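Shown below: protein_2.txt, with compact mmCIF, C-alpha atoms.
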```
# COMPACT_ATOMS: atom_id res chain seq x y z
CA MET C 1 -8.76 -199.91 -80.71
CA ILE C 2 -8.69 -200.45 -76.96
CA ILE C 3 -11.95 -202.39 -77.03
CA GLN C 4 -10.59 -204.62 -79.78
CA ASN C 5 -7.61 -205.51 -77.59
CA VAL C 6 -9.75 -206.11 -74.52
CA ILE C 7 -11.90 -208.51 -76.55
CA ARG C 8 -8.76 -210.19 -77.89
CA PHE C 9 -7.45 -210.56 -74.32
CA ILE C 10 -10.63 -212.27 -73.09
CA ALA C 11 -10.95 -214.41 -76.22
CA ALA C 12 -7.32 -215.54 -75.94
CA LEU C 13 -7.75 -216.43 -72.26
CA LEU C 14 -10.97 -218.40 -72.77
CA LEU C 15 -9.81 -220.16 -75.94
CA GLN C 16 -6.64 -221.27 -74.16
CA GLY C 17 -8.31 -222.23 -70.90
CA LEU C 18 -11.30 -224.04 -72.36
CA ILE C 19 -10.07 -225.48 -75.65
CA PHE C 20 -6.30 -225.62 -76.11
CA ASN C 21 -5.60 -226.68 -72.52
CA GLN C 22 -7.88 -229.68 -73.01
CA ILE C 23 -6.34 -230.93 -76.24
CA GLY C 24 -4.27 -234.01 -75.63
CA ILE C 25 -2.71 -235.25 -78.84
CA GLY C 26 0.65 -236.92 -78.31
CA ALA C 27 2.95 -236.42 -75.39
CA TYR C 28 4.65 -233.22 -76.46
CA LEU C 29 2.04 -231.17 -78.26
CA PHE C 30 0.72 -228.23 -76.26
CA PRO C 31 -0.29 -225.24 -78.38
CA MET C 32 -0.22 -221.97 -76.44
CA PHE C 33 -2.34 -219.86 -78.72
CA TYR C 34 -2.99 -217.09 -76.18
CA VAL C 35 0.36 -215.45 -77.07
CA TYR C 36 -1.50 -214.16 -80.14
CA TYR C 37 -2.73 -211.32 -77.92
CA ILE C 38 0.84 -210.26 -77.09
CA LEU C 39 1.89 -210.45 -80.75
CA MET C 40 -1.05 -208.36 -81.93
CA LEU C 41 -0.78 -205.40 -79.55
CA PRO C 42 -0.37 -202.08 -81.37
CA PHE C 43 3.20 -200.78 -81.76
CA GLU C 44 2.48 -197.66 -79.76
CA THR C 45 1.34 -199.64 -76.71
CA LYS C 46 2.97 -198.21 -73.60
CA GLY C 47 5.65 -200.41 -72.07
CA TRP C 48 3.83 -200.85 -68.78
CA VAL C 49 0.57 -201.80 -70.50
CA LEU C 50 2.43 -204.39 -72.56
CA LEU C 51 4.13 -205.93 -69.51
CA ILE C 52 1.18 -205.84 -67.12
CA THR C 53 -1.46 -207.16 -69.53
CA SER C 54 0.85 -209.95 -70.72
CA PHE C 55 1.55 -210.88 -67.12
CA LEU C 56 -2.16 -210.89 -66.27
CA LEU C 57 -3.03 -212.96 -69.35
CA GLY C 58 -0.39 -215.52 -68.35
CA LEU C 59 -1.70 -215.53 -64.80
CA GLY C 60 -5.25 -216.11 -66.06
CA VAL C 61 -4.11 -219.11 -68.12
CA ASP C 62 -2.19 -220.35 -65.06
CA PHE C 63 -5.39 -220.43 -63.04
CA PHE C 64 -7.00 -222.63 -65.66
CA SER C 65 -4.10 -225.06 -65.83
CA ASN C 66 -2.96 -225.17 -62.19
CA SER C 67 0.54 -224.08 -63.10
CA LEU C 68 0.80 -220.88 -61.10
CA GLY C 69 3.66 -218.68 -62.31
CA LEU C 70 4.61 -220.70 -65.41
CA HIS C 71 2.53 -219.03 -68.10
CA SER C 72 2.87 -215.64 -66.44
CA THR C 73 6.68 -215.80 -66.39
CA ALA C 74 6.85 -216.98 -70.01
CA SER C 75 4.41 -214.31 -71.28
CA LEU C 76 6.12 -211.60 -69.27
CA CYS C 77 9.50 -212.47 -70.79
CA MET C 78 7.95 -212.60 -74.25
CA ALA C 79 6.44 -209.13 -73.75
CA PHE C 80 9.78 -207.87 -72.49
CA PHE C 81 11.57 -209.01 -75.67
CA ARG C 82 8.85 -207.80 -78.04
CA PRO C 83 10.04 -204.17 -78.50
CA GLY C 84 13.62 -205.38 -79.08
CA VAL C 85 12.53 -207.95 -81.68
CA ILE C 86 10.43 -205.33 -83.50
CA ARG C 87 13.39 -202.93 -83.55
CA LEU C 88 15.68 -205.70 -84.80
CA LEU C 89 13.34 -206.65 -87.67
CA THR C 90 12.42 -203.14 -88.80
CA VAL C 91 15.93 -201.71 -88.92
CA GLY C 92 16.30 -199.29 -91.83
CA LYS C 93 12.69 -199.68 -92.94
CA ASP C 94 9.87 -197.22 -92.66
CA TYR C 95 6.89 -198.68 -90.87
CA GLU C 96 6.06 -195.47 -89.02
CA THR C 97 2.60 -195.20 -90.49
CA LEU C 98 1.50 -198.69 -89.51
CA VAL C 99 -0.38 -199.42 -86.33
CA TYR C 100 -0.09 -203.10 -85.45
CA PRO C 101 1.62 -206.22 -86.82
CA SER C 102 -0.15 -208.19 -89.56
CA ILE C 103 0.73 -210.36 -92.56
CA LYS C 104 -1.07 -208.09 -94.95
CA LYS C 105 0.82 -204.91 -94.08
CA PHE C 106 4.28 -206.35 -93.47
CA GLY C 107 4.45 -209.31 -95.77
CA PHE C 108 4.85 -212.96 -94.97
CA SER C 109 8.57 -213.08 -94.17
CA TRP C 110 8.50 -210.18 -91.70
CA PHE C 111 5.51 -211.55 -89.85
CA PHE C 112 6.91 -215.07 -89.93
CA SER C 113 10.25 -214.07 -88.34
CA TYR C 114 8.46 -211.88 -85.80
CA THR C 115 6.12 -214.71 -84.76
CA VAL C 116 8.76 -217.45 -84.77
CA ILE C 117 11.27 -215.52 -82.64
CA LEU C 118 8.76 -214.49 -79.99
CA VAL C 119 6.91 -217.81 -79.85
CA ILE C 120 10.20 -219.70 -79.46
CA ILE C 121 11.31 -217.34 -76.67
CA HIS C 122 7.98 -217.93 -74.90
CA HIS C 123 7.88 -221.72 -75.36
CA THR C 124 11.54 -222.18 -74.39
CA ILE C 125 11.08 -220.34 -71.10
CA PHE C 126 7.80 -222.12 -70.44
CA PHE C 127 9.03 -225.68 -71.00
CA ILE C 128 12.36 -225.16 -69.23
CA LEU C 129 10.48 -223.89 -66.16
CA GLU C 130 7.81 -226.59 -66.39
CA VAL C 131 10.12 -229.58 -66.70
CA PHE C 132 12.92 -227.98 -64.68
CA SER C 133 15.38 -230.82 -65.09
CA PHE C 134 18.37 -231.04 -67.36
CA TYR C 135 18.15 -234.82 -67.35
CA GLU C 136 15.16 -234.42 -69.60
CA ILE C 137 16.80 -231.95 -72.00
CA ARG C 138 15.87 -233.99 -75.09
CA GLN C 139 12.23 -234.02 -74.09
CA ILE C 140 12.34 -230.27 -73.44
CA ILE C 141 13.67 -229.62 -76.95
CA PHE C 142 11.00 -231.89 -78.49
CA ARG C 143 8.27 -230.15 -76.53
CA ILE C 144 9.53 -226.69 -77.57
CA LEU C 145 9.77 -227.62 -81.25
CA ILE C 146 6.48 -229.47 -81.65
CA SER C 147 4.43 -227.05 -79.56
CA SER C 148 5.98 -223.99 -81.25
CA ILE C 149 5.08 -225.37 -84.67
CA ALA C 150 1.48 -225.91 -83.50
CA THR C 151 1.22 -222.43 -81.95
CA ILE C 152 2.72 -220.72 -85.03
CA PHE C 153 0.37 -222.68 -87.30
CA LEU C 154 -2.65 -221.54 -85.27
CA ILE C 155 -1.46 -217.92 -85.29
CA PHE C 156 -1.10 -217.96 -89.09
CA MET C 157 -4.50 -219.58 -89.51
CA THR C 158 -6.04 -216.83 -87.40
CA GLN C 159 -4.22 -214.16 -89.41
CA LEU C 160 -5.49 -215.62 -92.67
CA LEU C 161 -9.00 -215.82 -91.23
CA PHE C 162 -8.99 -212.11 -90.46
CA LEU C 163 -7.11 -211.14 -93.63
CA LYS C 164 -10.26 -210.66 -95.69
CA ARG C 165 -11.87 -208.42 -93.12
CA GLU C 166 -8.96 -206.02 -93.13
CA LYS C 167 -9.51 -205.13 -96.79
CA HIS C 168 -12.77 -203.35 -96.07
CA MET U 1 16.94 -188.49 -54.76
CA GLN U 2 15.33 -186.68 -57.67
CA ASN U 3 17.95 -188.15 -59.96
CA LEU U 4 17.11 -191.62 -58.70
CA PHE U 5 13.42 -191.14 -59.44
CA ALA U 6 14.26 -189.73 -62.84
CA PHE U 7 16.46 -192.76 -63.50
CA ILE U 8 13.73 -195.18 -62.45
CA TRP U 9 11.15 -193.31 -64.51
CA LYS U 10 13.39 -193.33 -67.56
CA ASN U 11 13.96 -197.07 -67.26
CA SER U 12 10.49 -197.90 -65.96
CA PHE U 13 10.09 -200.66 -68.56
CA TYR U 14 13.04 -202.59 -67.12
CA PHE U 15 12.13 -201.97 -63.49
CA LEU U 16 8.55 -203.06 -64.06
CA PHE U 17 9.77 -206.18 -65.85
CA VAL U 18 12.07 -207.13 -62.97
CA LEU U 19 9.30 -206.44 -60.44
CA LEU U 20 6.75 -208.63 -62.25
CA LEU U 21 9.37 -211.30 -62.87
CA VAL U 22 10.12 -211.51 -59.15
CA LEU U 23 6.38 -211.70 -58.47
CA SER U 24 5.82 -214.58 -60.88
CA VAL U 25 8.87 -216.48 -59.66
CA VAL U 26 7.57 -216.17 -56.10
CA LEU U 27 4.18 -217.49 -57.28
CA MET U 28 5.92 -220.39 -58.99
CA ALA U 29 7.87 -221.25 -55.87
CA ARG U 30 4.73 -221.10 -53.72
CA ASN U 31 2.93 -223.38 -56.13
CA ASN U 32 5.16 -226.25 -55.03
CA TYR U 33 3.69 -226.20 -51.57
CA TYR U 34 0.67 -228.31 -50.87
CA HIS U 35 -1.27 -225.78 -48.88
CA ARG U 36 -1.95 -222.64 -50.76
CA THR U 37 -3.38 -219.26 -49.95
CA VAL U 38 -7.03 -218.28 -49.77
CA MET U 39 -6.68 -216.02 -52.80
CA ILE U 40 -5.78 -218.91 -55.06
CA ASN U 41 -8.60 -221.04 -53.74
CA THR U 42 -11.25 -218.44 -54.56
CA THR U 43 -9.94 -218.19 -58.08
CA ASN U 44 -10.05 -221.94 -58.33
CA GLU U 45 -13.75 -221.48 -57.62
CA ILE U 46 -14.13 -219.04 -60.52
CA THR U 47 -12.26 -221.05 -63.14
CA GLY U 48 -13.87 -224.21 -61.77
CA GLY U 49 -17.29 -222.65 -62.34
CA ILE U 50 -16.47 -221.76 -65.94
CA LEU U 51 -15.03 -225.21 -66.62
CA LEU U 52 -18.12 -226.83 -65.13
CA VAL U 53 -20.44 -224.84 -67.39
CA THR U 54 -18.51 -225.81 -70.52
CA SER U 55 -18.29 -229.40 -69.36
CA ASN U 56 -22.04 -229.43 -68.93
CA PHE U 57 -22.51 -228.12 -72.45
CA SER U 58 -20.83 -231.19 -73.80
CA ASP U 59 -23.13 -233.60 -72.00
CA TYR U 60 -26.60 -234.60 -72.92
CA MET U 61 -28.87 -233.79 -70.02
CA LYS U 62 -30.31 -237.24 -69.58
CA LEU U 63 -27.09 -239.10 -70.13
CA LYS U 64 -25.40 -236.96 -67.53
CA ARG U 65 -27.94 -237.74 -64.82
CA THR U 66 -27.88 -241.46 -65.53
CA ASN U 67 -24.12 -241.46 -65.35
CA ARG U 68 -24.06 -239.69 -62.03
CA GLU U 69 -26.62 -242.01 -60.52
CA LEU U 70 -24.67 -245.03 -61.67
CA ALA U 71 -21.43 -243.63 -60.34
CA GLU U 72 -22.96 -242.93 -56.94
CA GLU U 73 -24.48 -246.35 -56.79
CA ASN U 74 -21.13 -247.89 -57.60
CA ALA U 75 -19.45 -245.83 -54.91
CA LYS U 76 -21.91 -247.19 -52.37
CA LEU U 77 -21.33 -250.74 -53.51
CA ILE U 78 -17.54 -250.41 -53.39
CA SER U 79 -17.58 -249.10 -49.84
CA GLN U 80 -19.49 -252.25 -48.85
CA THR U 81 -16.85 -254.60 -50.22
CA LYS U 82 -15.51 -256.76 -47.46
CA GLU U 83 -11.79 -256.34 -48.17
CA LEU U 84 -12.02 -252.63 -47.54
CA PHE U 85 -13.21 -253.03 -43.98
CA LEU U 86 -10.87 -252.75 -41.05
CA ASP U 87 -10.95 -255.72 -38.75
CA ALA U 88 -11.60 -254.00 -35.43
CA SER U 89 -12.14 -257.12 -33.36
CA THR U 90 -10.35 -256.72 -30.04
CA LYS U 91 -9.58 -260.38 -29.47
CA ALA U 92 -6.14 -261.72 -30.41
CA ILE U 93 -7.60 -264.76 -32.18
CA PRO U 94 -10.97 -263.69 -33.51
CA SER U 95 -13.62 -266.37 -33.58
CA PRO U 96 -15.42 -266.43 -36.94
CA ASP U 97 -18.70 -265.08 -35.65
CA SER U 98 -17.31 -262.31 -33.44
CA ASN U 99 -15.61 -260.34 -36.22
CA VAL U 100 -16.28 -256.65 -35.92
CA LEU U 101 -15.91 -255.01 -39.30
CA ILE U 102 -16.01 -251.26 -39.57
CA PRO U 103 -15.70 -249.54 -42.92
CA GLN U 104 -12.24 -248.08 -43.46
CA TYR U 105 -12.90 -246.28 -46.72
CA GLU U 106 -15.66 -244.07 -47.96
CA PHE U 107 -16.08 -243.41 -51.68
CA ILE U 108 -17.36 -240.14 -53.11
CA ALA U 109 -18.25 -240.07 -56.81
CA ALA U 110 -17.05 -236.98 -58.66
CA LYS U 111 -16.99 -235.76 -62.22
CA VAL U 112 -13.83 -234.67 -64.03
CA ILE U 113 -14.31 -231.13 -65.34
CA SER U 114 -10.79 -230.51 -66.58
CA ASN U 115 -7.93 -232.86 -67.33
CA SER U 116 -4.64 -232.99 -69.20
CA VAL U 117 -2.15 -235.69 -70.11
CA ASN U 118 0.43 -233.89 -72.22
CA ARG U 119 2.01 -231.61 -69.64
CA ARG U 120 4.98 -232.57 -67.49
CA ASN U 121 2.88 -231.92 -64.38
CA ASN U 122 -0.74 -232.81 -64.99
CA TYR U 123 -3.65 -231.85 -62.77
CA ILE U 124 -7.32 -232.81 -62.84
CA LYS U 125 -10.22 -230.70 -61.58
CA LEU U 126 -13.30 -232.31 -60.00
CA ASP U 127 -16.79 -230.91 -59.46
CA LYS U 128 -16.88 -231.79 -55.75
CA GLY U 129 -15.21 -229.84 -52.98
CA ARG U 130 -15.07 -229.15 -49.27
CA PHE U 131 -18.88 -229.02 -48.96
CA GLN U 132 -19.10 -232.58 -50.30
CA GLY U 133 -16.54 -233.76 -47.76
CA ILE U 134 -13.44 -233.74 -49.92
CA MET U 135 -10.16 -232.90 -48.16
CA PRO U 136 -6.54 -232.71 -49.34
CA ASN U 137 -4.60 -236.00 -49.33
CA MET U 138 -7.53 -238.17 -50.32
CA ALA U 139 -6.84 -240.71 -53.04
CA VAL U 140 -8.66 -240.56 -56.37
CA ILE U 141 -9.34 -243.76 -58.31
CA SER U 142 -11.33 -244.60 -61.41
CA PRO U 143 -13.19 -247.86 -62.06
CA ALA U 144 -10.11 -248.99 -64.02
CA GLY U 145 -7.38 -248.05 -61.52
CA ILE U 146 -5.52 -245.26 -59.77
CA VAL U 147 -5.79 -241.62 -60.84
CA GLY U 148 -4.02 -239.43 -58.28
CA HIS U 149 -4.63 -237.62 -55.01
CA ILE U 150 -6.34 -234.40 -53.94
CA VAL U 151 -3.94 -231.50 -53.40
CA GLU U 152 -6.26 -228.54 -53.11
CA VAL U 153 -9.94 -228.02 -52.30
CA SER U 154 -12.26 -225.05 -52.56
CA ASN U 155 -15.89 -225.06 -51.48
CA HIS U 156 -17.25 -226.77 -54.57
CA PHE U 157 -14.22 -227.91 -56.54
CA SER U 158 -11.01 -229.78 -55.98
CA SER U 159 -7.67 -230.20 -57.74
CA VAL U 160 -6.14 -233.63 -58.15
CA MET U 161 -2.45 -234.20 -58.68
CA SER U 162 -2.56 -236.82 -61.39
CA VAL U 163 -0.18 -239.78 -61.32
CA LEU U 164 1.12 -238.08 -64.47
CA ASN U 165 3.08 -235.56 -62.44
CA ARG U 166 6.71 -235.11 -61.50
CA ASN U 167 5.81 -234.83 -57.81
CA SER U 168 3.74 -237.99 -57.79
CA ARG U 169 5.39 -240.99 -56.12
CA ILE U 170 3.19 -243.96 -55.29
CA SER U 171 4.08 -246.94 -53.18
CA ALA U 172 3.34 -249.90 -55.44
CA LYS U 173 3.81 -253.65 -55.22
CA HIS U 174 4.31 -256.52 -57.58
CA LYS U 175 1.17 -258.56 -56.99
CA THR U 176 2.57 -262.07 -57.39
CA SER U 177 5.69 -261.57 -55.22
CA ASN U 178 4.44 -258.79 -52.91
CA HIS U 179 7.71 -256.87 -53.33
CA VAL U 180 7.33 -253.13 -53.00
CA GLY U 181 8.66 -250.36 -55.24
CA SER U 182 7.82 -246.78 -56.15
CA LEU U 183 5.79 -245.73 -59.14
CA LEU U 184 6.90 -242.58 -60.98
CA TRP U 185 6.06 -240.94 -64.28
CA ASP U 186 8.85 -239.90 -66.63
CA GLY U 187 6.79 -237.39 -68.59
CA ILE U 188 6.97 -239.08 -71.97
CA ASP U 189 3.83 -241.13 -72.59
CA TYR U 190 0.65 -240.89 -70.54
CA ARG U 191 0.01 -244.61 -71.01
CA PHE U 192 3.19 -245.79 -69.25
CA GLY U 193 4.72 -245.27 -65.82
CA LYS U 194 8.02 -246.35 -64.29
CA LEU U 195 8.30 -248.68 -61.33
CA VAL U 196 11.64 -248.28 -59.55
CA ASP U 197 13.34 -249.78 -56.48
CA LEU U 198 12.09 -253.29 -57.20
CA PRO U 199 14.97 -255.60 -56.18
CA SER U 200 16.66 -257.66 -58.90
CA HIS U 201 16.03 -261.08 -57.33
CA VAL U 202 12.28 -260.79 -57.90
CA LYS U 203 11.03 -262.83 -60.85
CA ILE U 204 9.03 -260.47 -62.98
CA PHE U 205 7.29 -261.15 -66.27
CA GLN U 206 5.50 -259.15 -68.90
CA GLY U 207 1.82 -258.87 -68.03
CA ASP U 208 2.28 -259.12 -64.25
CA THR U 209 -0.10 -256.94 -62.29
CA ILE U 210 1.13 -253.96 -60.26
CA VAL U 211 -1.14 -252.75 -57.44
CA THR U 212 -0.93 -250.16 -54.68
CA SER U 213 0.81 -251.35 -51.51
CA GLY U 214 -1.40 -249.48 -49.07
CA TYR U 215 1.69 -248.37 -47.13
CA SER U 216 1.04 -244.69 -47.71
CA HIS U 217 -2.38 -244.69 -45.92
CA LEU U 218 -3.68 -242.78 -48.89
CA TYR U 219 -4.59 -245.49 -51.35
CA PRO U 220 -6.40 -248.58 -50.20
CA GLU U 221 -4.29 -251.70 -50.60
CA GLY U 222 -4.60 -253.58 -53.86
CA VAL U 223 -5.99 -250.89 -56.16
CA ILE U 224 -4.82 -251.80 -59.64
CA ILE U 225 -2.16 -249.58 -61.21
CA GLY U 226 -1.42 -251.50 -64.37
CA THR U 227 0.49 -254.34 -65.93
CA VAL U 228 4.20 -254.83 -66.61
CA GLN U 229 5.06 -253.82 -70.15
CA GLU U 230 8.78 -254.57 -69.90
CA ALA U 231 11.29 -255.09 -67.09
CA ILE U 232 14.87 -254.11 -67.75
CA LEU U 233 17.71 -255.21 -65.49
CA GLU U 234 20.94 -253.52 -66.46
CA SER U 235 24.05 -255.59 -65.80
CA GLY U 236 25.31 -254.93 -62.30
CA ALA U 237 22.19 -253.07 -61.22
CA SER U 238 20.42 -254.26 -58.09
CA PHE U 239 17.04 -252.79 -59.03
CA TYR U 240 14.76 -253.28 -62.00
CA ASN U 241 13.63 -250.53 -64.30
CA VAL U 242 10.04 -251.58 -64.99
CA THR U 243 7.73 -249.93 -67.50
CA VAL U 244 4.13 -250.22 -66.31
CA SER U 245 1.22 -249.87 -68.69
CA PHE U 246 -1.47 -247.96 -66.76
CA SER U 247 -4.86 -249.63 -66.54
CA THR U 248 -6.52 -246.21 -66.33
CA ASP U 249 -6.90 -244.36 -69.61
CA PHE U 250 -6.02 -240.90 -68.34
CA ASN U 251 -7.10 -239.32 -71.59
CA ARG U 252 -10.69 -240.48 -71.19
CA LEU U 253 -11.51 -239.92 -67.53
CA SER U 254 -15.06 -238.83 -66.84
CA TYR U 255 -16.23 -240.12 -63.47
CA VAL U 256 -13.86 -240.91 -60.61
CA TYR U 257 -14.13 -241.88 -56.95
CA VAL U 258 -12.51 -239.89 -54.19
CA VAL U 259 -11.39 -242.27 -51.44
CA ASN U 260 -11.71 -241.06 -47.89
CA ASN U 261 -9.62 -243.16 -45.54
CA LEU U 262 -11.60 -242.80 -42.31
CA PHE U 263 -8.51 -243.73 -40.31
CA TYR U 264 -6.14 -241.38 -42.13
CA ASN U 265 -5.69 -239.03 -39.18
CA GLU U 266 -5.06 -241.90 -36.79
CA LEU U 267 -2.46 -243.48 -39.08
CA ASP U 268 -0.92 -240.12 -39.88
CA SER U 269 -0.50 -239.10 -36.25
CA LEU U 270 1.14 -242.46 -35.59
CA GLN U 271 3.57 -241.76 -38.38
CA GLN U 272 4.33 -238.34 -36.92
CA LEU U 273 5.75 -240.07 -33.85
CA GLN U 274 8.33 -241.87 -35.96
CA PRO U 275 11.51 -240.23 -37.30
CA GLN U 276 10.63 -238.20 -40.38
CA ASN U 277 11.13 -239.79 -43.76
CA GLU U 278 10.24 -238.67 -47.21
CA PRO U 279 6.49 -239.46 -47.34
CA LEU U 280 5.35 -241.83 -50.04
CA ARG U 281 2.14 -240.92 -51.75
```
Once more with this new file: its structure as structure tokens, please.
Amino acid sequence: MIIQNVIRFIAALLLQGLIFNQIGIGAYLFPMFYVYYILMLPFETKGWVLLITSFLLGLGVDFFSNSLGLHSTASLCMAFFRPGVIRLLTVGKDYETLVYPSIKKFGFSWFFSYTVILVIIHHTIFFILEVFSFYEIRQIIFRILISSIATIFLIFMTQLLFLKREKH
Amino acid sequence: MQNLFAFIWKNSFYFLFVLLLVLSVVLMARNNYYHRTVMINTTNEITGGILLVTSNFSDYMKLKRTNRELAEENAKLISQTKELFLDASTKAIPSPDSNVLIPQYEFIAAKVISNSVNRRNNYIKLDKGRFQGIMPNMAVISPAGIVGHIVEVSNHFSSVMSVLNRNSRISAKHKTSNHVGSLLWDGIDYRFGKLVDLPSHVKIFQGDTIVTSGYSHLYPEGVIIGTVQEAILESGASFYNVTVSFSTDFNRLSYVYVVNNLFYNELDSLQQLQPQNEPLR
């Protein structure tokens, strides 16, 4: 379980740094796929592990993209809100027996809301800090919307890719 | 005291969050400075190394070598161009045969190993660093036009602040009238920049060439920036709002030249003696 997450951490960092950082389609599209790691951590992950690894992952991506502090702040905030979002979405339901979030176990709508809320939190913080100017508020909103859609699409594709393997 | 520790322990999640948040905000604030710490430079070396390996994967071996040779040859040729020499003749009225020309600029060919155009603040990484003679504040140009300037160097790699950056401000001039303005990027489209502070009495037409003014000591004079796409003069405004179409295709950079102004220190120390203004880059 731990090894799986370590691999996911490294894979997320390298995929983001070497592939998604280099994609330049349009002015606003910037998929930040590495947040997949934060979404996929097991529910029982200790709070400090969640915060510190998310911070380090963000910092790693920052080193690749010369944006020191941006990705780390956004991922840290996303990690901070994760337990609250999970509590909010699982109110009155019994998911005690399940280990980590996935489409297969929770159904499409649960996983969709979970991903959308956290990705939007992350992207909003990231783009507000990156642009850091309220004169460009329309651009910020465009960037958040288009990039979030791309990130969420990639996360669902990855989920579907690994869906088959979970059956065995 | 014990109660305090118990309180902190109980709410460790929140305390840790605040602690890390402060840390990352400090990092973000530091990132705005030009000179950064040693720690960040060594990491630049690590990520630079990884980026270089992947960049090499995408090249054919032979093609890569040919490209580099050509780029280096070009760099040599450019530094021999007559316009880029400083006239160092000591006579007030130089006679034609007594001109003493010393090269003012040196060109170092470098390969782009990482680049982006869709961020608000774009940076480029090059495969040459301090050991190849690259220093901060050197200009970077491509065969087609301007690219940016060096902000950070490690031993083998360097970071370039692209023109596509909020902090980039380049002293530019309208080639036909010689009037000077500042070139900025508004963060929307990587193909277009904004030229501001160009006075309204200048006659400006679509397709006019915009070049660097050379006033910043960083870029040589007359390096092409792009052409005028449209010039808007709002009623009552005393300055144009000019959209410039960049001549450099930032999305397809592969080889660039780092420009070393051999007189940069001399010009810079002269500027230090004057009252401080916001430096143009």
Pull out every residue of chain U that has at least one atom within 8 Å of chain C, counting only C-alpha atoms, and report them as a PyMOL selection string. chain U and resi 12-13+16-17+20-21+24-28+31+43-44+47+51+54+114-121+123+187-190+251
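As for atom CA of Arg252 of chain U and atom CA of Val53 of chain U, they are spaced 18.8 Å apart.
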Which value, in Å to one decimal, gives the distance between atom CA of Lys76 of chain U and atom CA of Glu45 of chain U?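 If I compute the distance from atom CA of Lys76 of chain U to atom CA of Glu45 of chain U, I get 27.5 Å.
Compared by their closest atoms to Ile146 of chain C, and using all atoms listed in the file, the residues C:Val119, C:Ile103, C:Leu56, C:Val35 rank with C:Val119 nearest.
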From the list C:Leu118, C:Ala150, C:Ile2, C:Ile137, which residue is nearest Thr45 of chain C when using only C-alpha atoms?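 The closest residue to Thr45 of chain C is C:Ile2.
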Nearby residues, (-9.1, -230.9, -49.6) file frame, 10 Å, only C-alpha atoms, as a PyMOL selection string: chain U and resi 35+128-131+133-138+149-155+157-160
Would you kindly return, as a PDB file with C-alpha atoms, keeping the file's coordinate frame, each protein, DNA or RNA residue with an atom no farther than 7 Å from any atom of Met40 of chain C, considering all atoms listed in the file and excluding same-chain residues fewer than 4 positions away?
```pdb
ATOM      1  CA  TYR C  36      -1.500-214.160 -80.140  1.00  0.00           C
ATOM      2  CA  TYR C 100      -0.090-203.100 -85.450  1.00  0.00           C
ATOM      3  CA  PRO C 101       1.620-206.220 -86.820  1.00  0.00           C
TER       4      PRO C 101
END
```
As an MDAnalysis selection string, please: the residues near segment 196-213 of chain U (cut-off 6 Å, only C-alpha atoms, same-chain neighbours under 5 positions excluded). chainID U and resid 171:175 181:182 221:230 238:241
For Ile117 of chain C, the nearest of the candidates C:Phe9, C:Phe162, C:Phe81, C:Phe134, counting all atoms listed in the file: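 Result for the nearest residue to Ile117 of chain C: C:Phe81.
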In Å to one decimal, how far is atom CA of Tyr114 of chain C from atom CA of Ile38 of chain C?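 We find that atom CA of Ile38 of chain C and atom CA of Tyr114 of chain C lie 11.7 Å from each other.
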What lies within 8 Å of Leu89 of chain C using all atoms listed in the file, ignoring chain neighbours under 2 positions off, as an mmCIF file with C-alpha atoms, in the coordinates of the input?
```cif
data_model
loop_
_atom_site.group_PDB
_atom_site.id
_atom_site.type_symbol
_atom_site.label_atom_id
_atom_site.label_comp_id
_atom_site.auth_asym_id
_atom_site.auth_seq_id
_atom_site.Cartn_x
_atom_site.Cartn_y
_atom_site.Cartn_z
ATOM 1 C CA VAL C 85 12.530 -207.950 -81.680
ATOM 2 C CA ILE C 86 10.430 -205.330 -83.500
ATOM 3 C CA ARG C 87 13.390 -202.930 -83.550
ATOM 4 C CA VAL C 91 15.930 -201.710 -88.920
ATOM 5 C CA TRP C 110 8.500 -210.180 -91.700
ATOM 6 C CA TYR C 114 8.460 -211.880 -85.800
#
```
Counting all atoms listed in the file, which residue out of C:Ile10, C:Leu163, C:Met157, C:Leu145 sits closest to His122 of chain C? C:Leu145
Counting only C-alpha atoms, closest pick from U:Val244, U:Val256, U:Ile78, U:Leu23 relative to Pro103 of chain U is U:Ile78
Please work out which residues fall within 12 Å of (-4.9, -214.2, -90.2), coordinates as given in the file, with all atoms listed in the file counting, and return them as a PyMOL selection string. chain C and resi 36+40+101-105+107-108+111-112+152-166
Saved selection, atoms kept: C-alpha atoms, as a compact mmCIF listing (two decimals), in the coordinates of the input:
```
# COMPACT_ATOMS: atom_id res chain seq x y z
CA TYR C 36 -1.50 -214.16 -80.14
CA MET C 40 -1.05 -208.36 -81.93
CA PRO C 101 1.62 -206.22 -86.82
CA SER C 102 -0.15 -208.19 -89.56
CA ILE C 103 0.73 -210.36 -92.56
CA LYS C 104 -1.07 -208.09 -94.95
CA LYS C 105 0.82 -204.91 -94.08
CA GLY C 107 4.45 -209.31 -95.77
CA PHE C 108 4.85 -212.96 -94.97
CA PHE C 111 5.51 -211.55 -89.85
CA PHE C 112 6.91 -215.07 -89.93
CA ILE C 152 2.72 -220.72 -85.03
CA PHE C 153 0.37 -222.68 -87.30
CA LEU C 154 -2.65 -221.54 -85.27
CA ILE C 155 -1.46 -217.92 -85.29
CA PHE C 156 -1.10 -217.96 -89.09
CA MET C 157 -4.50 -219.58 -89.51
CA THR C 158 -6.04 -216.83 -87.40
CA GLN C 159 -4.22 -214.16 -89.41
CA LEU C 160 -5.49 -215.62 -92.67
CA LEU C 161 -9.00 -215.82 -91.23
CA PHE C 162 -8.99 -212.11 -90.46
CA LEU C 163 -7.11 -211.14 -93.63
CA LYS C 164 -10.26 -210.66 -95.69
CA ARG C 165 -11.87 -208.42 -93.12
CA GLU C 166 -8.96 -206.02 -93.13
```
